[in-house]
Amino acid sequence: MNVRRTAAALAASAVLSALAAPAASAGTAAPSSSPAPKPPSGLHGTKDPSYDGVWRQSIALLAQDTAGVTPAAEAVDWLTGQQCSSGAFAAYRADAGAECDAKTPVDSNATAVAVQALAALGGHTGEVRKAVGWLKSVQNEDGGWGYLPGTPSDTNSTSVVVGALAAAGEKPGATRADGKSPYDALAELQLGCDADAGDRGAYAFQPDKKGRLLANADATVAGVLAGHGEGLAVTPAAGDGGEGGGAPEPLECGSGADAGRTPEEAASGAAAYLTGLLEKDGHLTSLAPGADEPVPDHSNTAEAVIALVAAGRPEAAEAPLAWLEKNSAEWAADNPAGLGTLVLAAHAAGGDPRSFGGTDLVKELNATGPEPESVPAAGADASEEGEKSGSGDVSVLWWILGAGVLAGLVAGAVLMLTAGRRKRS
């Protein structure tokens with residue numbers, strides 16, 4: 001997504017590539033690549049939006065809203081214009097005026113993140129309702145979601161949909177298919193008491209070809225967010241881990257423990273695994289396809305900060321946030337989704353996204369798209385803006401009242417002078 005590509009998106013891209021280029025897969029030479037299309041007006045970012053247009057736009061708008069910025073109407077219209085009549089979104093539709101059909105590659109991730117953004121902005125009840133309706137219509141029988149409709153459930157896709165349901169005012173645990181909820185699907189993807197002790201609590205993206213669950217940091221971050229019913233816009237007060245002190249509780253193991261966990265207990269076990277990974281060097285890593293050595297994963301580290309705050313463990317988020325402040329400038333440059341995720345992470349951890357390692361993330365994010373309708377003054381947050389607005393309204397009211405009193409005094413003086421003249425005459 002111009003940022004990290006999740007395993008779900010990578011898998012879907014491979015499927016879409018195979019469908020779009022049957023001749024190449026049959027051994028015919030692939031045609032030469034054409035120049036990347038020029039990003040349309042209203043979209044954040046200048047790079048090819050083919051695989052991440054809706055994702056990066058949604059993250060940018062969600063982050064702006066969290067920072068108290070009123071996005072440009074043009075930017076919001078671009079996002080709503082990407083929606084199909086079914087309610088679904090694809091990663092990007094170059095011709096948004098054309099009707100979606102069976103060949104339009106709509107997916108759960110683009111649809112769910114768009115719901116999170118539009119629900120936060122407000123005023124888009126119709127679009128949100130239609131998108132949620134579509135997501136419910138493609139829920140798998142195990143209670144989860146795959147990236148593409150009909151594909152096996154994975155932790156990442158299920159998580160982003162859980163976040164969308166929560167943002168739309170739905171109860172994720174009550175959203176069921178064939179009697180199963182998203183948490184039933186997630187329970188099947190978490191490494192439990194039969195796994196090695198060091199991997200317990202982690203989530204797999206999906207079972208591998210042999211049916212094994214392999215610990216995956218990206219999926220584990222997603223599992224923590226889903227277990228606490230949170231999307232990507234998390235505030236410190238939203239963390240439901242209790243007192244917010246100490247380490248997350250690892251999975252308890254005993255007779256029937258794997259089958260009797262609540263979503264919050266499962267998420268706590270995932271957070272404990274995640275904390276252990278972060279304690280090594282303060283950030284998460286990933287192995288790119290074809291690479292020999294893992295590299296720092298900025299996006300997943302930022303999302304880990306958000307997830308740990310959602311789990312009520314902000315102290316565990318301090319080290320990765322500090323690492324991001326020192327090491328994310330190059331990665332986030334001209335990267336709306338990256339900048340937006342950093343804004344969301346800083347906000348969740350109680351930091352200032354306008355002073356993040358010497359960088360004003362909000363200013364840089366705003367510069368990647370059309371000029372916002374309004375931006376809070378430096379050093380002000382959304383609540384302070386509301387207070388200023390309220391103060392302004394009160395000031396206007398007192399001015400009106402003062403003017404009314406003055407007018408009354410003037411009128412009274414005129415009447416007294418007139419009466420005096422009448423008496424003298």
# chains A, B, ... in the order shown; residues from 1 in each chain; ligands from 1

call {"tool": "select_by_dssp", "arguments": {"residues": "range 177-371 of chain A", "states": "strand (DSSP E or B)", "output": "list in words"}}
result
Ala177, Lys180, Gln190, Tyr203, Thr285, Ser286, Val295, Pro296, Phe356 and Thr359 of chain A

call {"tool": "closest_atom_pairs", "arguments": {"of": "range 138-173 of chain A", "to": "range 186-207 of chain A", "cutoff": "7 Å", "atoms": "only C-alpha atoms", "output": "JSON lines"}}
result
{"residue": "A:Asp154", "atom": "CA", "partner": "A:Gln206", "partner_atom": "CA", "distance": 5.2}
{"residue": "A:Thr155", "atom": "CA", "partner": "A:Phe205", "partner_atom": "CA", "distance": 5.2}
{"residue": "A:Asn156", "atom": "CA", "partner": "A:Phe205", "partner_atom": "CA", "distance": 6.7}

call {"tool": "write_last_selection", "arguments": {"atoms": "all heavy atoms", "output": "compact mmCIF listing (two decimals), in the first residue's frame"}}
result
# COMPACT_ATOMS: atom_id res chain seq x y z
N ASP A 154 -8.52 -14.86 6.63
CA ASP A 154 -7.19 -14.58 7.16
C ASP A 154 -7.31 -13.57 8.28
O ASP A 154 -8.29 -12.83 8.38
CB ASP A 154 -6.24 -14.10 6.05
CG ASP A 154 -6.63 -12.74 5.48
OD1 ASP A 154 -6.36 -11.73 6.15
OD2 ASP A 154 -7.19 -12.68 4.37
N THR A 155 -6.31 -13.55 9.14
CA THR A 155 -6.36 -12.69 10.33
C THR A 155 -6.41 -11.22 9.97
O THR A 155 -7.19 -10.45 10.56
CB THR A 155 -5.13 -12.96 11.22
OG1 THR A 155 -5.13 -14.33 11.61
CG2 THR A 155 -5.17 -12.09 12.46
N ASN A 156 -5.61 -10.79 8.99
CA ASN A 156 -5.54 -9.38 8.65
C ASN A 156 -6.85 -8.84 8.11
O ASN A 156 -7.34 -7.78 8.51
CB ASN A 156 -4.42 -9.14 7.64
CG ASN A 156 -3.06 -9.53 8.17
OD1 ASN A 156 -2.84 -10.70 8.47
ND2 ASN A 156 -2.16 -8.58 8.29

call {"tool": "residues_around", "arguments": {"residues": "range 296-306 of chain A", "least_positions_apart": "6", "cutoff": "6 Å", "atoms": "only C-alpha atoms", "output": "VMD selection string"}}
result
chain A and resid 4 221 283 to 286 317 345 348

call {"tool": "write_last_selection", "arguments": {"atoms": "all heavy atoms", "output": "short mmCIF file (atom, residue, chain, number, x, y, z; two decimals), in the first residue's frame"}}
result
data_model
loop_
_atom_site.label_atom_id
_atom_site.label_comp_id
_atom_site.auth_asym_id
_atom_site.auth_seq_id
_atom_site.Cartn_x
_atom_site.Cartn_y
_atom_site.Cartn_z
N ARG A 4 3.70 -0.74 3.56
CA ARG A 4 3.77 -2.18 3.65
C ARG A 4 2.60 -2.83 2.92
O ARG A 4 1.48 -2.40 3.01
CB ARG A 4 3.72 -2.58 5.14
CG ARG A 4 3.49 -4.03 5.40
CD ARG A 4 3.34 -4.23 6.89
NE ARG A 4 2.26 -3.43 7.42
CZ ARG A 4 1.01 -3.82 7.44
NH1 ARG A 4 0.68 -4.98 6.96
NH2 ARG A 4 0.08 -3.04 7.95
N VAL A 221 -0.38 -8.26 15.18
CA VAL A 221 -0.84 -6.89 15.40
C VAL A 221 -2.33 -6.77 15.07
O VAL A 221 -3.11 -6.19 15.83
CB VAL A 221 -0.02 -5.91 14.54
CG1 VAL A 221 -0.64 -4.51 14.57
CG2 VAL A 221 1.42 -5.84 15.04
N HIS A 283 11.55 -2.50 17.33
CA HIS A 283 10.72 -2.42 16.13
C HIS A 283 10.47 -3.81 15.57
O HIS A 283 11.14 -4.78 15.96
CB HIS A 283 11.39 -1.55 15.06
CG HIS A 283 12.70 -2.09 14.56
ND1 HIS A 283 12.79 -3.03 13.55
CD2 HIS A 283 13.97 -1.84 14.93
CE1 HIS A 283 14.04 -3.33 13.31
NE2 HIS A 283 14.80 -2.62 14.15
N LEU A 284 9.52 -3.92 14.67
CA LEU A 284 9.22 -5.19 14.03
C LEU A 284 9.94 -5.26 12.68
O LEU A 284 10.33 -4.24 12.12
CB LEU A 284 7.71 -5.34 13.82
CG LEU A 284 6.87 -5.35 15.11
CD1 LEU A 284 5.38 -5.42 14.78
CD2 LEU A 284 7.27 -6.50 16.03
N THR A 285 10.11 -6.47 12.20
CA THR A 285 10.77 -6.68 10.92
C THR A 285 9.89 -7.54 10.01
O THR A 285 8.93 -8.17 10.47
CB THR A 285 12.13 -7.39 11.10
OG1 THR A 285 11.91 -8.68 11.69
CG2 THR A 285 13.05 -6.57 11.98
N SER A 286 10.21 -7.55 8.75
CA SER A 286 9.52 -8.41 7.79
C SER A 286 10.51 -8.86 6.73
O SER A 286 11.54 -8.20 6.50
CB SER A 286 8.33 -7.68 7.15
OG SER A 286 8.77 -6.53 6.47
N ALA A 317 4.24 0.56 24.26
CA ALA A 317 4.31 1.23 22.96
C ALA A 317 5.37 2.32 22.93
O ALA A 317 5.67 2.86 21.86
CB ALA A 317 2.94 1.84 22.63
N ALA A 345 -0.57 6.58 15.11
CA ALA A 345 0.22 5.98 16.18
C ALA A 345 0.58 7.02 17.24
O ALA A 345 0.47 6.77 18.45
CB ALA A 345 1.48 5.34 15.60
N ALA A 348 -2.51 7.90 19.22
CA ALA A 348 -2.91 6.83 20.13
C ALA A 348 -2.03 6.81 21.38
O ALA A 348 -2.51 6.59 22.50
CB ALA A 348 -2.85 5.48 19.42
#

call {"tool": "atom_distance", "arguments": {"atom1": "CA of Pro149 in chain A", "atom2": "CA of Gly53 in chain A"}}
result
19.3 Å

call {"tool": "atom_distance", "arguments": {"atom1": "CA of Lys130 in chain A", "atom2": "CA of Ser85 in chain A"}}
result
8.3 Å

call {"tool": "residues_around", "arguments": {"residues": "range 340-342 of chain A", "least_positions_apart": "4", "cutoff": "8 Å", "atoms": "only C-alpha atoms", "output": "count of residues only"}}
result
13

call {"tool": "atom_distance", "arguments": {"atom1": "CA of Gly338 in chain A", "atom2": "CA of Glu371 in chain A"}}
result
18.6 Å

call {"tool": "closest_residue", "arguments": {"among": "A:Ala267, A:Ala272, A:Ala310, A:Ala377", "to": "Glu249 in chain A", "atoms": "only C-alpha atoms"}}
result
A:Ala272

call {"tool": "residues_around", "arguments": {"residues": "range 109-118 of chain A", "least_positions_apart": "2", "cutoff": "7 Å", "atoms": "only C-alpha atoms", "output": "ChimeraX atom specification"}}
result
/A:54-55,58-59,61-62,88-91,107,120-122,124,128,131,147,157,160-161,164,167

call {"tool": "write_last_selection", "arguments": {"atoms": "N, CA and C atoms", "output": "PDB file, in the first residue's frame"}}
result
ATOM      1  N   VAL A  54      -7.526   3.444  -2.629  1.00  0.00           N
ATOM      2  CA  VAL A  54      -8.548   3.585  -1.589  1.00  0.00           C
ATOM      3  C   VAL A  54      -7.927   3.451  -0.212  1.00  0.00           C
ATOM      4  N   TRP A  55      -6.952   2.549  -0.067  1.00  0.00           N
ATOM      5  CA  TRP A  55      -6.323   2.363   1.249  1.00  0.00           C
ATOM      6  C   TRP A  55      -5.630   3.641   1.698  1.00  0.00           C
ATOM      7  N   SER A  58      -8.027   6.526   2.443  1.00  0.00           N
ATOM      8  CA  SER A  58      -8.787   6.314   3.680  1.00  0.00           C
ATOM      9  C   SER A  58      -7.923   6.582   4.909  1.00  0.00           C
ATOM     10  N   ILE A  59      -6.678   6.081   4.883  1.00  0.00           N
ATOM     11  CA  ILE A  59      -5.775   6.316   6.017  1.00  0.00           C
ATOM     12  C   ILE A  59      -5.477   7.807   6.155  1.00  0.00           C
ATOM     13  N   LEU A  61      -7.366  10.393   5.232  1.00  0.00           N
ATOM     14  CA  LEU A  61      -8.545  11.100   5.743  1.00  0.00           C
ATOM     15  C   LEU A  61      -8.790  10.777   7.211  1.00  0.00           C
ATOM     16  N   LEU A  62      -8.594   9.522   7.585  1.00  0.00           N
ATOM     17  CA  LEU A  62      -8.789   9.116   8.973  1.00  0.00           C
ATOM     18  C   LEU A  62      -7.789   9.829   9.880  1.00  0.00           C
ATOM     19  N   ALA A  88     -19.404  -2.129  -2.120  1.00  0.00           N
ATOM     20  CA  ALA A  88     -18.006  -2.545  -2.009  1.00  0.00           C
ATOM     21  C   ALA A  88     -17.062  -1.532  -2.639  1.00  0.00           C
ATOM     22  N   PHE A  89     -15.802  -1.635  -2.277  1.00  0.00           N
ATOM     23  CA  PHE A  89     -14.723  -0.845  -2.859  1.00  0.00           C
ATOM     24  C   PHE A  89     -13.682  -1.792  -3.430  1.00  0.00           C
ATOM     25  N   ALA A  90     -13.052  -1.383  -4.507  1.00  0.00           N
ATOM     26  CA  ALA A  90     -11.853  -2.057  -5.013  1.00  0.00           C
ATOM     27  C   ALA A  90     -10.644  -1.264  -4.543  1.00  0.00           C
ATOM     28  N   ALA A  91      -9.451  -1.804  -4.738  1.00  0.00           N
ATOM     29  CA  ALA A  91      -8.246  -1.073  -4.360  1.00  0.00           C
ATOM     30  C   ALA A  91      -8.175   0.251  -5.100  1.00  0.00           C
ATOM     31  N   ASP A 107     -12.695  -5.793  -2.780  1.00  0.00           N
ATOM     32  CA  ASP A 107     -12.071  -6.591  -1.718  1.00  0.00           C
ATOM     33  C   ASP A 107     -12.485  -6.090  -0.345  1.00  0.00           C
ATOM     34  N   ALA A 120     -15.729   7.940  10.564  1.00  0.00           N
ATOM     35  CA  ALA A 120     -15.085   8.943  11.409  1.00  0.00           C
ATOM     36  C   ALA A 120     -15.423  10.355  10.954  1.00  0.00           C
ATOM     37  N   LEU A 121     -15.459  10.568   9.638  1.00  0.00           N
ATOM     38  CA  LEU A 121     -15.742  11.902   9.108  1.00  0.00           C
ATOM     39  C   LEU A 121     -17.175  12.327   9.373  1.00  0.00           C
ATOM     40  N   GLY A 122     -18.087  11.362   9.402  1.00  0.00           N
ATOM     41  CA  GLY A 122     -19.495  11.675   9.602  1.00  0.00           C
ATOM     42  C   GLY A 122     -20.156  12.182   8.336  1.00  0.00           C
ATOM     43  N   HIS A 124     -21.859  10.412   6.194  1.00  0.00           N
ATOM     44  CA  HIS A 124     -21.830   9.441   5.100  1.00  0.00           C
ATOM     45  C   HIS A 124     -22.532   8.150   5.517  1.00  0.00           C
ATOM     46  N   VAL A 128     -21.679   4.230   4.325  1.00  0.00           N
ATOM     47  CA  VAL A 128     -21.214   3.304   5.352  1.00  0.00           C
ATOM     48  C   VAL A 128     -22.159   2.118   5.465  1.00  0.00           C
ATOM     49  N   ALA A 131     -21.707  -0.264   2.527  1.00  0.00           N
ATOM     50  CA  ALA A 131     -20.436  -0.984   2.597  1.00  0.00           C
ATOM     51  C   ALA A 131     -20.484  -2.082   3.658  1.00  0.00           C
ATOM     52  N   TYR A 147      -9.305 -11.760   1.783  1.00  0.00           N
ATOM     53  CA  TYR A 147      -9.080 -10.499   1.067  1.00  0.00           C
ATOM     54  C   TYR A 147     -10.096 -10.320  -0.044  1.00  0.00           C
ATOM     55  N   SER A 157      -7.448  -9.573   7.162  1.00  0.00           N
ATOM     56  CA  SER A 157      -8.711  -9.122   6.580  1.00  0.00           C
ATOM     57  C   SER A 157      -9.822  -9.136   7.618  1.00  0.00           C
ATOM     58  N   VAL A 160      -9.419  -5.985   9.899  1.00  0.00           N
ATOM     59  CA  VAL A 160      -9.801  -4.686   9.362  1.00  0.00           C
ATOM     60  C   VAL A 160     -11.316  -4.582   9.221  1.00  0.00           C
ATOM     61  N   VAL A 161     -11.987  -5.725   8.980  1.00  0.00           N
ATOM     62  CA  VAL A 161     -13.452  -5.705   8.928  1.00  0.00           C
ATOM     63  C   VAL A 161     -14.037  -5.517  10.323  1.00  0.00           C
ATOM     64  N   ALA A 164     -14.001  -1.986  11.008  1.00  0.00           N
ATOM     65  CA  ALA A 164     -15.041  -1.279  10.262  1.00  0.00           C
ATOM     66  C   ALA A 164     -16.393  -1.443  10.927  1.00  0.00           C
ATOM     67  N   ALA A 167     -16.491   0.745  13.965  1.00  0.00           N
ATOM     68  CA  ALA A 167     -16.581   2.156  13.594  1.00  0.00           C
ATOM     69  C   ALA A 167     -17.989   2.526  13.142  1.00  0.00           C
TER      70      ALA A 167
END

call {"tool": "closest_residue", "arguments": {"among": "A:Glu74, A:Glu252, A:Asp292, A:Glu364", "to": "Ala337 in chain A", "atoms": "only C-alpha atoms"}}
result
A:Glu364

call {"tool": "closest_residue", "arguments": {"among": "A:Ala96, A:Asp360, A:Ala307, A:Thr262", "to": "Ala332 in chain A", "atoms": "only C-alpha atoms"}}
result
A:Asp360

call {"tool": "closest_residue", "arguments": {"among": "A:Ala166, A:Ala226, A:Leu148, A:Leu135", "to": "Ala185 in chain A", "atoms": "only C-alpha atoms"}}
result
A:Ala226

call {"tool": "select_by_dssp", "arguments": {"residues": "range 87-153 of chain A", "states": "alpha helix (DSSP H)", "output": "list in words"}}
result
Ser108, Asn109, Ala110, Thr111, Ala112, Val113, Ala114, Val115, Gln116, Ala117, Leu118, Ala119, Ala120, Leu121, Thr125, Gly126, Glu127, Val128, Arg129, Lys130, Ala131, Val132, Gly133, Trp134, Leu135, Lys136 and Ser137 of chain A

call {"tool": "write_last_selection", "arguments": {"atoms": "C-alpha atoms", "output": "short mmCIF file (atom, residue, chain, number, x, y, z; two decimals), in the first residue's frame"}}
result
data_model
loop_
_atom_site.label_atom_id
_atom_site.label_comp_id
_atom_site.auth_asym_id
_atom_site.auth_seq_id
_atom_site.Cartn_x
_atom_site.Cartn_y
_atom_site.Cartn_z
CA SER A 108 -12.72 -6.64 2.01
CA ASN A 109 -9.68 -4.56 2.98
CA ALA A 110 -10.41 -1.54 0.77
CA THR A 111 -14.08 -1.65 1.75
CA ALA A 112 -13.39 -1.94 5.47
CA VAL A 113 -10.79 0.83 5.66
CA ALA A 114 -13.07 3.14 3.66
CA VAL A 115 -15.81 2.46 6.21
CA GLN A 116 -13.46 3.40 9.04
CA ALA A 117 -12.61 6.71 7.36
CA LEU A 118 -16.14 7.67 6.29
CA ALA A 119 -17.64 6.73 9.65
CA ALA A 120 -15.09 8.94 11.41
CA LEU A 121 -15.74 11.90 9.11
CA THR A 125 -24.39 7.15 6.69
CA GLY A 126 -25.64 5.83 3.36
CA GLU A 127 -22.21 4.90 2.05
CA VAL A 128 -21.21 3.30 5.35
CA ARG A 129 -24.44 1.31 5.60
CA LYS A 130 -24.08 -0.05 2.07
CA ALA A 131 -20.44 -0.98 2.60
CA VAL A 132 -21.20 -2.77 5.87
CA GLY A 133 -24.04 -4.60 4.18
CA TRP A 134 -21.68 -5.83 1.47
CA LEU A 135 -19.10 -6.94 4.04
CA LYS A 136 -21.74 -8.94 5.88
CA SER A 137 -22.84 -10.53 2.60
#

call {"tool": "closest_residue", "arguments": {"among": "A:Ala291, A:Ala316, A:Ala102, A:Ala168", "to": "Gly229 in chain A", "atoms": "only C-alpha atoms"}}
result
A:Ala168
